[in-house]
Structure formats: structure tokens, C-alpha cells
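Asker: Mind having a look at this structure? Questions to follow.
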Amino acid sequence: MTANRTANAPLLVLSAHTAADLMNANPVSIDHDATVREAPALFNNRGFSVAPVIDDAGRPIGVLSSSDILVHDQERTEHLAMGRGVENAPVETDAGERLRFGFHVENVDKTLVSDLMTPAVFSVAPDTPAAKVVSDMLRLHVHHLFVVDAERTLIGVISSLDVLRKLTFA
């Protein structure tokens with residue numbers, strides 16, 4: 001008996017044997033050639049803050065997080081000229097069309113997610129023992145591991161919350 005465990009405290013047991021038992025199959029991912037403006041919609045619509053970035057063959061090549069996007073937006077502050085040096089002056093398009101007061105001009109960010117992603121991919125095979133999955137997550141200090149098949153195609157993702165969901169009291 002360890003000093004941290006009392007005699008009547010229940011044990012926690014991981015009720016999964018392999019990575020396949022822990023993973024969420026068919027994870028939502030983002031293509032490497034998507035723009036940085038597409039990612040927030042994906043995150044907001046799906047309710048998460050990180051996604052694997054995949055290449056054309058469906059192999060994970062990196063990870064994009066909402067933090068990556070926030071840092072990019074903060075570093076990329078850009079002000080557009082509104083008129084001819086006078087803040088409330090009318091704005092004209094290159095074709096000479098005058099825009100009414102109140103219009104906003106947006107400079108569309110064409111940065112690709114592959115330019116912002118973290119290029120490290122930590123992955124396991126579906127038959128990796130669950131204990132090794134937990135050990136790898138702790139050793140690597142990551143909250144997500146990707147599950148790939150023999151061709152390295154993304155087939156699942158395991159989050160730390162997925163591991164917690166598989167804990168049961170003995």
C-alpha cells in the first residue's frame with residue numbers, strides 16, 4: 001500500500017486494451033492547402049480547438065490549433081488605407097466605383113494552414129496497447145495522439161479525455 005492510497009479507496013482501471021479501443025474513428029481533419037480563414041469555422045462548428053492537418057493522401061503531416069491561429073492573427077495586424085488620407089473620405093475601387101460610407105474593406109488572409117501548423121505528428125498503430133498510448137501521451141506531453149494504419153493514413157484520434165472516459169472503478 002502506498003502512502004497516497006487509503007485502504008478503502010477504489011482503484012481506477014483502464015477498460016481498453018488497444019489504441020483502437022480508445023480512439024474516435026474517422027476524425028475531422030483539415031487539408032494542408034486550406035486557408036487559415038477556413039479553420040476557425042471548422043473549430044467553431046465542431047466544438048474543438050485542434051485538428052490534424054492531412055496531405056492529399058490522407059496522411060497526417062501536422063497539427064493546427066486555435067492557439068496557432070490566434071498567434072498568427074496577432075502577428076498579422078494590417079491596416080488598409082480608407083480613402084485619400086482622410087479617414088471619412090469616400091473609398092473608390094480600382095474600377096472607379098465609389099463605395100458608400102460604412103463599407104468595410106477586408107484584406108483576405110491567404111495563409112495556408114500548412115504554414116501555421118506544428119509539423120510534428122505523434123501517432124500510434126490501432127493495435128498499440130492502451131497502456132503504451134497513455135505512457136506515450138505522458139512522455140510526449142501531448143493531449144492527442146493520432147492513430148494511423150499501415151499506409152500511415154489517419155484513421156482515428158485519441159484525446160486525453162478519451163482516455164479518462166475509459167477509466168472505471170474496480
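Order determines the names: the first chain of the C-alpha cells is A, the second B, and so forth; residues in each chain are numbered 1 upward, and ligands are numbered 1 upward as they are shown.
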I'd like to know which residues of region 1-169 of chain A are helix (DSSP H, G or I) (by DSSP, run on the backbone); could you write them as an NGL selection string?
Answerer: :A and (19-22 or 38-46 or 66-75 or 113-116 or 130-140 or 160-165)
Asker: Between A:Leu140, A:Ala95, A:Ala39, A:Ala150, which one has atoms that come closest to Asp68 (chain A), using only C-alpha atoms?
Answerer: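 The shortest atom-to-atom distance to Asp68 (chain A) comes from A:Ala39.
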Asker: Apply DSSP to the backbone of this structure and, from region 127-165 of chain A, keep only the residues in strand (DSSP E); write these as a PyMOL selection string.
Answerer: chain A and resi 144-148+154-159
Asker: Would you please work out which residue, of A:Leu14, A:Ala20, A:Val53, A:Ala131, is nearest to Asp149 (chain A) when using only C-alpha atoms?
Answerer: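 Closest to Asp149 (chain A), using only C-alpha atoms: A:Ala20.
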Asker: As a VMD selection string, please: the residues near Asp21 (chain A) (cut-off 12 Å, only C-alpha atoms, same-chain neighbours under 2 positions excluded).
Answerer: chain A and resid 14 to 19 23 to 25 125 to 131 133 147 156 to 158 162 to 163 165 to 166
Asker: Using the selection just defined, write its residues with C-alpha atoms as a tab-separated table (two decimals), in the first residue's frame.
Answerer:
chain	number	residue	atom	x	y	z
A	14	LEU	CA	-8.39	1.44	-17.87
A	15	SER	CA	-11.12	-0.53	-19.66
A	16	ALA	CA	-9.43	-0.51	-23.06
A	17	HIS	CA	-6.86	-2.89	-24.47
A	18	THR	CA	-5.61	-1.12	-27.59
A	19	ALA	CA	-5.47	2.26	-29.29
A	23	MET	CA	-9.81	6.20	-30.47
A	24	ASN	CA	-12.52	8.19	-32.15
A	25	ALA	CA	-12.67	6.78	-35.68
A	125	ALA	CA	-1.00	1.92	-34.73
A	126	PRO	CA	-4.51	0.67	-33.90
A	127	ASP	CA	-3.09	-2.41	-32.16
A	128	THR	CA	-0.81	-0.39	-29.84
A	129	PRO	CA	-1.51	-1.43	-26.23
A	130	ALA	CA	-3.62	1.11	-24.35
A	131	ALA	CA	-1.03	1.32	-21.57
A	133	VAL	CA	-0.80	5.02	-25.53
A	147	VAL	CA	-4.00	6.53	-35.00
A	156	GLY	CA	-8.52	7.87	-35.60
A	157	VAL	CA	-7.54	10.25	-32.84
A	158	ILE	CA	-7.16	9.71	-29.11
A	162	ASP	CA	-10.96	9.71	-24.42
A	163	VAL	CA	-8.56	8.01	-22.00
A	165	ARG	CA	-13.73	8.14	-20.40
A	166	LYS	CA	-12.33	4.59	-20.38
Asker: May I ask which of the residues A:Lys110, A:His143, A:Lys132, A:His32 is the closest one to Leu64 (chain A), counting only C-alpha atoms?
Answerer: A:His32
Asker: Pick from A:Ala41, A:Leu12, A:Leu161, A:His72: nearest to Asp115 (chain A), with only C-alpha atoms counted?
Answerer: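 Comparing A:Ala41, A:Leu12, A:Leu161, A:His72 against Asp115 (chain A), the winner is A:His72.
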Asker: Have a look at A:Leu116, A:Val108, A:Arg139, A:Pro10 and name the one nearest to Val71 (chain A); count only C-alpha atoms.
Answerer: A:Leu116
Asker: In Å, how far is it from CA of Asp33 (chain A) to CA of Ile61 (chain A)?
Answerer: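 Going from CA of Asp33 (chain A) over to CA of Ile61 (chain A), I get 11.7 Å.
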Asker: From the list A:Val142, A:Val121, A:Leu22, A:Asp109, which residue is nearest Leu154 (chain A) when using only C-alpha atoms?
Answerer: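 Result for the nearest residue to Leu154 (chain A): A:Val121.
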